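Q: Data file upload00.pdb (PDB, C-alpha atoms and all ligand atoms) is appended below.
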```
ATOM      1  CA  MET V1003     -19.564  12.244  12.526
ATOM      2  CA  ARG V1004     -17.281   9.810  10.699
ATOM      3  CA  GLY V1005     -15.240  10.890   7.709
ATOM      4  CA  GLN V1006     -11.959  10.483   5.857
ATOM      5  CA  ILE V1007      -9.124  13.024   5.730
ATOM      6  CA  VAL V1008      -8.592  14.000   2.094
ATOM      7  CA  LYS V1009      -6.130  16.871   2.425
ATOM      8  CA  ILE V1010      -3.796  18.329   5.023
ATOM      9  CA  ILE V1011      -2.365  21.827   4.802
ATOM     10  CA  SER V1012      -0.277  22.694   7.861
ATOM     11  CA  ASN V1013      -2.729  22.040  10.709
ATOM     12  CA  ASN V1014      -5.907  22.240   8.664
ATOM     13  CA  TYR V1015      -7.362  18.810   8.030
ATOM     14  CA  THR V1016      -9.986  18.566   5.307
ATOM     15  CA  VAL V1017     -12.376  15.767   6.202
ATOM     16  CA  SER V1018     -14.838  14.356   3.705
ATOM     17  CA  ALA V1019     -18.157  12.998   4.973
ATOM     18  CA  ASN V1020     -21.534  12.600   3.279
ATOM     19  CA  ASN V1021     -20.436  14.451   0.130
ATOM     20  CA  THR V1022     -19.385  17.498   2.136
ATOM     21  CA  THR V1023     -15.957  18.603   3.306
ATOM     22  CA  TYR V1024     -15.127  20.094   6.675
ATOM     23  CA  VAL V1025     -11.879  21.866   7.451
ATOM     24  CA  CYS V1026     -10.987  20.666  10.940
ATOM     25  CA  LYS V1027      -8.315  21.111  13.569
ATOM     26  CA  ALA V1028      -6.792  18.184  15.418
ATOM     27  CA  ARG V1029      -6.884  17.840  19.173
ATOM     28  CA  GLY V1030      -3.736  18.478  21.170
ATOM     29  CA  LYS V1031      -3.947  14.996  22.648
ATOM     30  CA  PHE V1032      -2.875  13.486  19.325
ATOM     31  CA  ARG V1033       0.444  15.256  19.563
ATOM     32  CA  LYS V1034       0.960  13.951  23.082
ATOM     33  CA  GLU V1035       0.073  10.440  21.978
ATOM     34  CA  LYS V1036       2.367  10.852  18.939
ATOM     35  CA  LYS V1037      -0.572  10.108  16.655
ATOM     36  CA  ILE V1038      -0.203  12.116  13.490
ATOM     37  CA  PRO V1039      -3.344  12.308  11.371
ATOM     38  CA  LEU V1040      -2.624  11.299   7.768
ATOM     39  CA  VAL V1041      -4.422  11.739   4.493
ATOM     40  CA  GLY V1042      -6.600   8.642   4.193
ATOM     41  CA  ASP V1043      -7.284   8.358   7.929
ATOM     42  CA  TYR V1044     -10.831   7.601   8.958
ATOM     43  CA  VAL V1045     -11.745   9.897  11.818
ATOM     44  CA  LEU V1046     -14.570  10.771  14.139
ATOM     45  CA  PHE V1047     -15.050  14.509  14.229
ATOM     46  CA  ASP V1048     -17.230  17.178  15.778
ATOM     47  CA  ASP V1049     -18.998  18.702  12.785
ATOM     48  CA  LYS V1050     -20.232  21.718  14.784
ATOM     49  CA  ASN V1051     -16.860  22.895  16.051
ATOM     50  CA  ASN V1052     -14.758  21.243  13.314
ATOM     51  CA  TYR V1053     -12.511  19.219  15.569
ATOM     52  CA  ILE V1054     -11.090  15.758  14.939
ATOM     53  CA  LEU V1055     -11.910  13.623  17.979
ATOM     54  CA  GLU V1056     -10.560  10.162  17.185
ATOM     55  CA  ILE V1057      -8.373   8.526  14.549
ATOM     56  CA  GLU V1058      -9.406   4.977  13.672
ATOM     57  CA  ASP V1059      -6.808   2.233  13.449
ATOM     58  CA  ARG V1060      -5.214   2.049  10.006
ATOM     59  CA  LYS V1061      -5.543  -0.849   7.610
ATOM     60  CA  ASN V1062      -2.188   0.150   6.118
ATOM     61  CA  PHE V1063      -0.032   3.167   5.408
ATOM     62  CA  LEU V1064       2.614   4.087   2.920
ATOM     63  CA  HIS V1065       5.599   6.321   3.602
ATOM     64  CA  ARG V1066       6.161   8.440   0.564
ATOM     65  CA  PRO V1067       3.668   9.840  -0.033
ATOM     66  CA  MET V1068       2.348   9.444   3.498
ATOM     67  CA  VAL V1069      -1.117   8.079   3.051
ATOM     68  CA  ALA V1070      -3.283   5.620   4.974
ATOM     69  CA  ASN V1071      -6.049   3.123   4.321
ATOM     70  CA  ILE V1072      -5.443   2.433   0.652
ATOM     71  CA  ASP V1073      -7.759  -0.256  -0.744
ATOM     72  CA  GLN V1074      -6.329  -0.659  -4.204
ATOM     73  CA  ALA V1075      -3.585   0.571  -6.484
ATOM     74  CA  PHE V1076      -3.757   1.104 -10.212
ATOM     75  CA  LEU V1077      -0.236   0.301 -11.362
ATOM     76  CA  ILE V1078       0.018   2.531 -14.402
ATOM     77  CA  THR V1079       2.460   0.625 -16.547
ATOM     78  CA  SER V1080       3.734   2.097 -19.765
ATOM     79  CA  LEU V1081       4.626  -0.337 -22.551
ATOM     80  CA  LYS V1082       6.766   2.238 -24.427
ATOM     81  CA  GLU V1083       8.338   5.603 -23.601
ATOM     82  CA  PRO V1084       9.192   4.695 -20.898
ATOM     83  CA  ASP V1085       9.608   1.055 -21.892
ATOM     84  CA  LEU V1086       7.876  -1.669 -19.913
ATOM     85  CA  SER V1087       9.785  -2.251 -16.676
ATOM     86  CA  LEU V1088       8.945  -5.607 -15.141
ATOM     87  CA  ASN V1089      11.361  -4.793 -12.352
ATOM     88  CA  LEU V1090       9.345  -1.773 -11.313
ATOM     89  CA  LEU V1091       6.105  -3.687 -11.758
ATOM     90  CA  ASP V1092       7.253  -6.533  -9.503
ATOM     91  CA  LYS V1093       8.513  -4.049  -6.898
ATOM     92  CA  LEU V1094       5.145  -2.326  -6.847
ATOM     93  CA  LEU V1095       3.368  -5.669  -6.599
ATOM     94  CA  VAL V1096       5.485  -6.588  -3.572
ATOM     95  CA  ILE V1097       4.662  -3.293  -1.853
ATOM     96  CA  MET V1098       0.957  -3.794  -2.512
ATOM     97  CA  GLU V1099       0.917  -7.453  -1.408
ATOM     98  CA  ILE V1100       2.689  -6.613   1.832
ATOM     99  CA  ASN V1101       0.315  -3.754   2.615
ATOM    100  CA  ARG V1102      -2.793  -5.706   1.636
ATOM    101  CA  ILE V1103      -3.566  -3.314  -1.198
ATOM    102  CA  LYS V1104      -5.239  -4.853  -4.232
ATOM    103  CA  PRO V1105      -3.077  -4.190  -7.296
ATOM    104  CA  ILE V1106      -4.685  -3.562 -10.683
ATOM    105  CA  LEU V1107      -2.341  -3.482 -13.671
ATOM    106  CA  CYS V1108      -3.266  -0.727 -16.077
ATOM    107  CA  LEU V1109      -1.237  -0.734 -19.292
ATOM    108  CA  THR V1110      -0.655   2.419 -21.313
ATOM    109  CA  LYS V1111       0.750   3.330 -24.748
ATOM    110  CA  LYS V1112      -0.296   0.115 -26.425
ATOM    111  CA  ASP V1113      -0.615   2.283 -29.547
ATOM    112  CA  LYS V1114       3.153   2.796 -29.527
ATOM    113  CA  CYS V1115       3.920  -0.944 -29.716
ATOM    114  CA  SER V1116       4.450  -2.880 -32.903
ATOM    115  CA  LYS V1117       2.332  -5.994 -33.384
ATOM    116  CA  SER V1118       5.199  -8.306 -32.519
ATOM    117  CA  GLU V1119       6.153  -6.316 -29.444
ATOM    118  CA  PHE V1120       2.580  -6.435 -28.281
ATOM    119  CA  LYS V1121       2.419 -10.219 -28.775
ATOM    120  CA  GLU V1122       5.376 -10.607 -26.411
ATOM    121  CA  ILE V1123       3.763  -8.332 -23.867
ATOM    122  CA  GLU V1124       0.464 -10.207 -24.053
ATOM    123  CA  LYS V1125       2.255 -13.431 -23.111
ATOM    124  CA  ILE V1126       3.823 -11.793 -20.098
ATOM    125  CA  MET V1127       0.522 -10.226 -19.032
ATOM    126  CA  GLN V1128      -1.206 -13.588 -19.351
ATOM    127  CA  TYR V1129       1.218 -14.827 -16.698
ATOM    128  CA  TYR V1130       0.228 -12.014 -14.316
ATOM    129  CA  GLN V1131      -3.444 -12.649 -15.022
ATOM    130  CA  ASN V1132      -2.969 -16.321 -14.225
ATOM    131  CA  LEU V1133      -1.626 -15.230 -10.841
ATOM    132  CA  GLY V1134      -4.978 -13.556 -10.263
ATOM    133  CA  TYR V1135      -4.071  -9.942 -11.008
ATOM    134  CA  SER V1136      -6.451  -7.856 -13.112
ATOM    135  CA  VAL V1137      -4.898  -6.427 -16.242
ATOM    136  CA  LEU V1138      -6.570  -3.449 -17.926
ATOM    137  CA  PHE V1139      -5.683  -0.829 -20.519
ATOM    138  CA  ASN V1140      -5.931   2.908 -20.066
ATOM    139  CA  ASP V1141      -8.875   3.033 -22.471
ATOM    140  CA  ASP V1142     -11.011   0.753 -20.277
ATOM    141  CA  LEU V1143     -12.519   3.859 -18.707
ATOM    142  CA  GLU V1144     -15.879   2.367 -17.788
ATOM    143  CA  THR V1145     -14.274  -0.577 -15.978
ATOM    144  CA  ILE V1146     -11.955   1.775 -14.116
ATOM    145  CA  LYS V1147     -14.883   3.990 -13.049
ATOM    146  CA  THR V1148     -16.709   0.979 -11.659
ATOM    147  CA  LEU V1149     -13.634  -0.223  -9.780
ATOM    148  CA  ILE V1150     -13.094   3.196  -8.182
ATOM    149  CA  LYS V1151     -16.511   3.250  -6.505
ATOM    150  CA  ASN V1152     -16.511   3.063  -2.690
ATOM    151  CA  LYS V1153     -12.738   2.588  -2.589
ATOM    152  CA  THR V1154      -9.634   4.606  -1.868
ATOM    153  CA  SER V1155      -7.259   4.089  -4.782
ATOM    154  CA  VAL V1156      -3.789   5.232  -5.700
ATOM    155  CA  PHE V1157      -2.639   5.713  -9.273
ATOM    156  CA  THR V1158       1.042   4.984  -9.281
ATOM    157  CA  GLY V1159       3.737   4.351 -11.845
ATOM    158  CA  GLN V1160       6.746   5.899 -13.529
ATOM    159  CA  THR V1161       6.824   9.525 -14.580
ATOM    160  CA  GLY V1162       5.552   9.676 -18.120
ATOM    161  CA  ALA V1163       3.553   6.464 -17.822
ATOM    162  CA  GLY V1164       0.307   8.358 -18.322
ATOM    163  CA  LYS V1165      -1.214   8.707 -14.837
ATOM    164  CA  SER V1166      -2.325  12.314 -15.185
ATOM    165  CA  THR V1167      -3.576  11.720 -18.736
ATOM    166  CA  LEU V1168      -5.738   8.867 -17.505
ATOM    167  CA  LEU V1169      -7.091  10.820 -14.533
ATOM    168  CA  ASN V1170      -7.968  13.734 -16.839
ATOM    169  CA  ARG V1171      -9.809  11.338 -19.112
ATOM    170  CA  LEU V1172     -11.750  10.030 -16.145
ATOM    171  CA  ASP V1173     -12.597  13.532 -15.003
ATOM    172  CA  ALA V1174     -12.073  16.364 -17.464
ATOM    173  CA  LYS V1175     -12.513  18.934 -14.677
ATOM    174  CA  LEU V1176      -9.205  17.929 -13.107
ATOM    175  CA  HIS V1177      -6.926  19.652 -15.643
ATOM    176  CA  LEU V1178      -3.850  17.861 -14.298
ATOM    177  CA  LYS V1179      -0.654  18.829 -16.085
ATOM    178  CA  THR V1180       0.598  16.129 -18.424
ATOM    179  CA  GLY V1181       3.842  15.478 -20.207
ATOM    180  CA  GLU V1182       5.859  17.321 -17.629
ATOM    181  CA  ILE V1183       9.581  16.767 -17.734
ATOM    182  CA  SER V1184      10.804  15.492 -14.433
ATOM    183  CA  PHE V1185      14.247  16.201 -13.126
ATOM    184  CA  ALA V1186      14.663  13.114 -11.043
ATOM    185  CA  LEU V1187      17.757  14.359  -9.250
ATOM    186  CA  ASN V1188      16.153  17.630  -8.256
ATOM    187  CA  ARG V1189      12.748  16.232  -7.561
ATOM    188  CA  GLY V1190      12.510  17.743  -4.101
ATOM    189  CA  LYS V1191      13.295  21.170  -5.467
ATOM    190  CA  HIS V1192      10.830  21.166  -8.305
ATOM    191  CA  THR V1193       7.689  19.800  -6.817
ATOM    192  CA  THR V1194       6.349  20.533  -3.399
ATOM    193  CA  ARG V1195       4.581  17.272  -2.804
ATOM    194  CA  HIS V1196       1.003  17.880  -2.014
ATOM    195  CA  VAL V1197      -1.019  14.829  -1.112
ATOM    196  CA  GLU V1198      -4.709  14.965  -1.802
ATOM    197  CA  LEU V1199      -7.434  12.409  -2.274
ATOM    198  CA  ILE V1200      -9.612  13.440  -5.194
ATOM    199  CA  GLU V1201     -13.253  12.335  -5.094
ATOM    200  CA  MET V1202     -14.638  10.777  -8.274
ATOM    201  CA  TYR V1203     -17.228   8.175  -9.222
ATOM    202  CA  GLY V1204     -18.158   7.533  -5.610
ATOM    203  CA  GLY V1205     -14.568   6.837  -4.567
ATOM    204  CA  LYS V1206     -11.325   8.647  -3.783
ATOM    205  CA  VAL V1207      -8.118   8.595  -5.796
ATOM    206  CA  LEU V1208      -4.555   9.788  -5.332
ATOM    207  CA  ASP V1209      -2.114  10.569  -8.142
ATOM    208  CA  THR V1210       1.424   9.750  -7.064
ATOM    209  CA  PRO V1211       4.714   9.380  -8.922
ATOM    210  CA  GLY V1212       5.444   6.230  -7.036
ATOM    211  CA  PHE V1213       6.794   4.771  -3.896
ATOM    212  CA  SER V1214      10.399   4.828  -2.853
ATOM    213  CA  SER V1215      12.609   2.013  -1.716
ATOM    214  CA  LEU V1216      11.751   3.270   1.765
ATOM    215  CA  GLU V1217       8.837   0.863   1.608
ATOM    216  CA  PHE V1218      11.262  -2.066   1.621
ATOM    217  CA  LYS V1219      13.255  -0.880   4.617
ATOM    218  CA  ASP V1220      11.236  -2.690   7.266
ATOM    219  CA  ILE V1221      10.163  -5.713   5.261
ATOM    220  CA  CYS V1222      11.745  -9.041   6.151
ATOM    221  CA  ASP V1223      12.863 -11.531   3.502
ATOM    222  CA  GLU V1224      10.103 -13.893   4.572
ATOM    223  CA  ASN V1225       7.440 -11.352   3.603
ATOM    224  CA  ILE V1226       9.116 -10.576   0.286
ATOM    225  CA  LYS V1227       9.069 -14.299  -0.444
ATOM    226  CA  LYS V1228       5.353 -14.424   0.348
ATOM    227  CA  ALA V1229       4.688 -11.417  -1.863
ATOM    228  CA  PHE V1230       5.817 -13.460  -4.869
ATOM    229  CA  ILE V1231       2.533 -15.262  -4.572
ATOM    230  CA  GLU V1232       3.274 -18.062  -7.035
ATOM    231  CA  PHE V1233       6.343 -19.346  -5.135
ATOM    232  CA  SER V1234       4.197 -21.097  -2.545
ATOM    233  CA  LYS V1235       2.837 -23.380  -5.265
ATOM    234  CA  TYR V1236       6.279 -25.043  -5.328
ATOM    235  CA  PRO V1237       7.044 -26.152  -1.763
ATOM    236  CA  CYS V1238      10.754 -26.660  -1.143
ATOM    237  CA  ILE V1239      12.344 -29.261   1.141
ATOM    238  CA  TYR V1240      13.397 -26.585   3.598
ATOM    239  CA  LYS V1241      10.567 -24.398   4.774
ATOM    240  CA  ASP V1242      12.947 -21.468   5.102
ATOM    241  CA  CYS V1243      14.472 -22.071   1.674
ATOM    242  CA  SER V1244      15.706 -18.742   0.286
ATOM    243  CA  HIS V1245      15.352 -20.080  -3.277
ATOM    244  CA  ILE V1246      18.817 -18.690  -3.976
ATOM    245  CA  ASP V1247      21.769 -20.783  -2.783
ATOM    246  CA  GLU V1248      20.018 -24.058  -1.970
ATOM    247  CA  LYS V1249      20.985 -26.944  -4.254
ATOM    248  CA  GLU V1250      17.566 -28.506  -4.334
ATOM    249  CA  CYS V1251      14.875 -25.893  -4.656
ATOM    250  CA  LYS V1252      11.441 -26.360  -6.170
ATOM    251  CA  VAL V1253      11.145 -22.682  -7.018
ATOM    252  CA  LYS V1254      14.387 -22.715  -8.993
ATOM    253  CA  GLU V1255      13.212 -25.907 -10.666
ATOM    254  CA  ALA V1256       9.954 -24.181 -11.651
ATOM    255  CA  VAL V1257      11.944 -21.283 -13.117
ATOM    256  CA  GLU V1258      13.998 -23.749 -15.178
ATOM    257  CA  ASN V1259      10.822 -25.470 -16.374
ATOM    258  CA  HIS V1260       9.329 -22.099 -17.357
ATOM    259  CA  LYS V1261       6.534 -22.470 -14.822
ATOM    260  CA  ILE V1262       7.716 -19.315 -13.073
ATOM    261  CA  LEU V1263       8.571 -16.333 -15.256
ATOM    262  CA  LEU V1264      12.352 -15.846 -15.226
ATOM    263  CA  SER V1265      11.986 -12.080 -14.768
ATOM    264  CA  ARG V1266       9.861 -12.648 -11.650
ATOM    265  CA  TYR V1267      12.591 -14.783 -10.111
ATOM    266  CA  GLU V1268      15.343 -12.322 -11.044
ATOM    267  CA  ASN V1269      13.366  -9.433  -9.619
ATOM    268  CA  TYR V1270      12.857 -11.447  -6.437
ATOM    269  CA  LYS V1271      16.638 -11.854  -6.094
ATOM    270  CA  LYS V1272      17.160  -8.139  -6.746
ATOM    271  CA  ILE V1273      14.630  -7.149  -4.091
ATOM    272  CA  ILE V1274      16.065  -9.607  -1.541
ATOM    273  CA  GLY V1275      19.544  -8.215  -2.196
ATOM    274  CA  ARG V1276      18.314  -4.678  -1.548
TER     275      ARG V1276
HETATM  276  N1  LIG V1301       0.693   7.418 -27.356
HETATM  277  C1  LIG V1301       0.233   7.518 -26.105
HETATM  278  N2  LIG V1301       0.657   8.526 -25.322
HETATM  279  C2  LIG V1301       0.173   8.595 -24.059
HETATM  280  C3  LIG V1301      -0.723   7.621 -23.538
HETATM  281  N3  LIG V1301      -0.991   7.950 -22.249
HETATM  282  C4  LIG V1301      -0.278   9.081 -21.999
HETATM  283  N4  LIG V1301       0.432   9.470 -23.073
HETATM  284  C5  LIG V1301       1.366  10.625 -23.200
HETATM  285  O1  LIG V1301       2.486  10.382 -22.358
HETATM  286  C6  LIG V1301       2.995  11.594 -21.798
HETATM  287  C7  LIG V1301       3.098  11.479 -20.284
HETATM  288  O2  LIG V1301       1.793  11.391 -19.727
HETATM  289  P1  LIG V1301       1.421  11.893 -18.265
HETATM  290  O3  LIG V1301      -0.033  11.659 -18.101
HETATM  291  O4  LIG V1301       1.931  13.264 -18.024
HETATM  292  O5  LIG V1301       2.258  10.868 -17.370
HETATM  293  P2  LIG V1301       2.471  10.850 -15.783
HETATM  294  O6  LIG V1301       3.850  11.378 -15.563
HETATM  295  O7  LIG V1301       2.382   9.403 -15.423
HETATM  296  O8  LIG V1301       1.401  11.668 -15.157
HETATM  297  C8  LIG V1301       2.029  12.697 -22.253
HETATM  298  O9  LIG V1301       2.626  13.365 -23.352
HETATM  299  C9  LIG V1301       0.799  11.939 -22.692
HETATM  300  O10 LIG V1301       0.100  12.622 -23.706
HETATM  301  C10 LIG V1301      -1.139   6.549 -24.405
HETATM  302  O11 LIG V1301      -1.920   5.641 -24.048
HETATM  303  N5  LIG V1301      -0.619   6.551 -25.665
HETATM  304 MG    MG V1302       1.525  13.258 -13.777
HETATM  305 ZN    ZN V1303      13.444 -22.986  -2.627
END
```
If you took the structure in this file and wrote it as structure tokens, what would it be?
Ligand SMILES: Nc1nc2c(ncn2[C@@H]2O[C@H](COP(=O)(O)OP(=O)(O)O)[C@@H](O)[C@H]2O)c(=O)[nH]1
Ligand SMILES: [Mg+2]
Ligand SMILES: [Zn+2]
A:
Amino acid sequence: MRGQIVKIISNNYTVSANNTTYVCKARGKFRKEKKIPLVGDYVLFDDKNNYILEIEDRKNFLHRPMVANIDQAFLITSLKEPDLSLNLLDKLLVIMEINRIKPILCLTKKDKCSKSEFKEIEKIMQYYQNLGYSVLFNDDLETIKTLIKNKTSVFTGQTGAGKSTLLNRLDAKLHLKTGEISFALNRGKHTTRHVELIEMYGGKVLDTPGFSSLEFKDICDENIKKAFIEFSKYPCIYKDCSHIDEKECKVKEAVENHKILLSRYENYKKIIGR
């Protein structure tokens, strides 16, 4: 039978298939082949003896949390408390672009913005929408439910952005803790990270505090450049133009002419200088 691993606790792999879960063991051959089954892996398994037989090739995988085959990511982006961080947003967009994960911007705490603050934010979000990214609010529950169907999704974003609140609103049975104070420096101590895909609305979702800079470790500058998807609309004289030190650069020109959002360009330079 074919299924997807939704939870791993020591060497017990919970595989979901046909609305049922099976707690399986992995075969010894995986260890020899240095294949480690991950949450999100699609597997073939023996549903009589509860053994994983094969791990299918991955579409993608992320390091922290370790999870495979993510289709889309809801980037839970708080407008206030914590304040909107375009730097974090652009970083997350780069990670998603590089891993071929469809990003969906989901804005929270609109109610905490003044009218004028919100006007500013709307302008910025219009820019992201023009790039082709979907922009939603955390009260668009019906749209979110539809998007979740038949997909594996991650909900990611800063602590306090409202991920758990949103997931609880989608499924009241979850009872995820909200408003928890996080001690960033002691993170490892406070929370034993437990990765689990939760099934809802015909799809699977993962609640995660975010992805570390680890994701950028193996990415070359060329791919970061590509992940800023609007840059290619302004072809430079040099194909390998870094858009930083070159005197004549169409991307820099587009930034000066307000065609490219200044914050996007600055975040690009920050990520390149990692
Ligand atoms: N005003 C307001 N507060 C929100 C909203 N979404 C979440 N919160 C609050 O923000 C705090 C952090 O939310 P939580 O879901 O724990 O964030 P997480 O760390 O991303 O899981 C909680 O006190 C929530 O009640 C929102 O849209 N508006
Ligand atoms: Mg939370
Ligand atoms: Zn250039």
Q: Give me, please, the distance in Å between atom CA of Tyr1267 of chain V and atom CA of Asp1085 of chain V, quoted to one decimal.
A: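 That distance, rounded to one decimal, is 20.0 Å.
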Q: Determine the residue set returned by the PyMOL selection byres (((chain V and resi 1078-1083) around 8) and not hetatm) for the present structure, and present it as a PyMOL selection string.
A: chain V and resi 1076-1077+1084-1087+1091+1107-1112+1114-1115+1157-1160+1162-1165
Q: Quick one, how far is atom CA of Gly1181 of chain V from atom P2 of ligand LIG 1301 (chain V)?
A: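 It comes out at 6.5 Å.
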Q: Which polymer residues have any atom within 12 Å of an atom of Thr1145 of chain V, counting all atoms listed in the file, with same-chain residues fewer than 6 positions away left out, as a CSV table (one decimal) with C-alpha atoms, in the frame of the given file?
A:
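For reference, selection.csv as written:
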```
chain,number,residue,atom,x,y,z
V,1106,ILE,CA,-4.7,-3.6,-10.7
V,1108,CYS,CA,-3.3,-0.7,-16.1
V,1136,SER,CA,-6.5,-7.9,-13.1
V,1137,VAL,CA,-4.9,-6.4,-16.2
V,1138,LEU,CA,-6.6,-3.4,-17.9
V,1139,PHE,CA,-5.7,-0.8,-20.5
V,1151,LYS,CA,-16.5,3.2,-6.5
V,1172,LEU,CA,-11.8,10.0,-16.1
V,1203,TYR,CA,-17.2,8.2,-9.2
```
Q: Taking the file as I've supplied it (selection: the PyMOL selection byres (((chain V and resi 1156) around 8) and not hetatm)), which residues are included? Please answer as a ChimeraX atom specification.
A: /V:1072,1074-1076,1154-1155,1157-1158,1207-1210
Q: Kindly save the residues from that selection, with C-alpha atoms included, as a PDB file, keeping the file's coordinate frame.
A:
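Output saved as again.pdb:
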```pdb
ATOM      1  CA  ILE V1072      -5.443   2.433   0.652  1.00  0.00           C
ATOM      2  CA  GLN V1074      -6.329  -0.659  -4.204  1.00  0.00           C
ATOM      3  CA  ALA V1075      -3.585   0.571  -6.484  1.00  0.00           C
ATOM      4  CA  PHE V1076      -3.757   1.104 -10.212  1.00  0.00           C
ATOM      5  CA  THR V1154      -9.634   4.606  -1.868  1.00  0.00           C
ATOM      6  CA  SER V1155      -7.259   4.089  -4.782  1.00  0.00           C
ATOM      7  CA  PHE V1157      -2.639   5.713  -9.273  1.00  0.00           C
ATOM      8  CA  THR V1158       1.042   4.984  -9.281  1.00  0.00           C
ATOM      9  CA  VAL V1207      -8.118   8.595  -5.796  1.00  0.00           C
ATOM     10  CA  LEU V1208      -4.555   9.788  -5.332  1.00  0.00           C
ATOM     11  CA  ASP V1209      -2.114  10.569  -8.142  1.00  0.00           C
ATOM     12  CA  THR V1210       1.424   9.750  -7.064  1.00  0.00           C
TER      13      THR V1210
END
```
Q: Using all atoms listed in the file, which residues sit within 10 Å of segment 1262-1266 of chain V once same-chain residues fewer than 5 positions away are excluded, as a list in words?
A: Leu1088, Asn1089, Leu1091, Asp1092, Lys1093, Ile1126, Tyr1129, Tyr1130, Phe1230, Glu1232, Phe1233, Tyr1236, Val1253, Lys1254, Glu1255, Ala1256, Val1257, Lys1271 and Lys1272 of chain V
Q: Go ahead and write the selection's residues with C-alpha atoms as a CSV table (one decimal), in the coordinates of the input.
A:
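File produced: result_19.csv:
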```csv
chain,number,residue,atom,x,y,z
V,1088,LEU,CA,8.9,-5.6,-15.1
V,1089,ASN,CA,11.4,-4.8,-12.4
V,1091,LEU,CA,6.1,-3.7,-11.8
V,1092,ASP,CA,7.3,-6.5,-9.5
V,1093,LYS,CA,8.5,-4.0,-6.9
V,1126,ILE,CA,3.8,-11.8,-20.1
V,1129,TYR,CA,1.2,-14.8,-16.7
V,1130,TYR,CA,0.2,-12.0,-14.3
V,1230,PHE,CA,5.8,-13.5,-4.9
V,1232,GLU,CA,3.3,-18.1,-7.0
V,1233,PHE,CA,6.3,-19.3,-5.1
V,1236,TYR,CA,6.3,-25.0,-5.3
V,1253,VAL,CA,11.1,-22.7,-7.0
V,1254,LYS,CA,14.4,-22.7,-9.0
V,1255,GLU,CA,13.2,-25.9,-10.7
V,1256,ALA,CA,10.0,-24.2,-11.7
V,1257,VAL,CA,11.9,-21.3,-13.1
V,1271,LYS,CA,16.6,-11.9,-6.1
V,1272,LYS,CA,17.2,-8.1,-6.7
```
Q: Given all atoms listed in the file as the basis, pick out the residue of V:Ile1221, V:Ala1174, V:Val1008, V:Leu1169 nearest to ligand LIG 1301 (chain V).
A: V:Leu1169
Q: Identify which of the residues V:Ile1123, V:Ile1274, V:Ile1146, V:Cys1238 lies closest to ligand ZN 1303 (chain V), counting only C-alpha atoms and all ligand atoms when measuring atom-to-atom distances.
A: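 When distances to ligand ZN 1303 (chain V) are compared using only C-alpha atoms and all ligand atoms, the smallest one comes from V:Cys1238.
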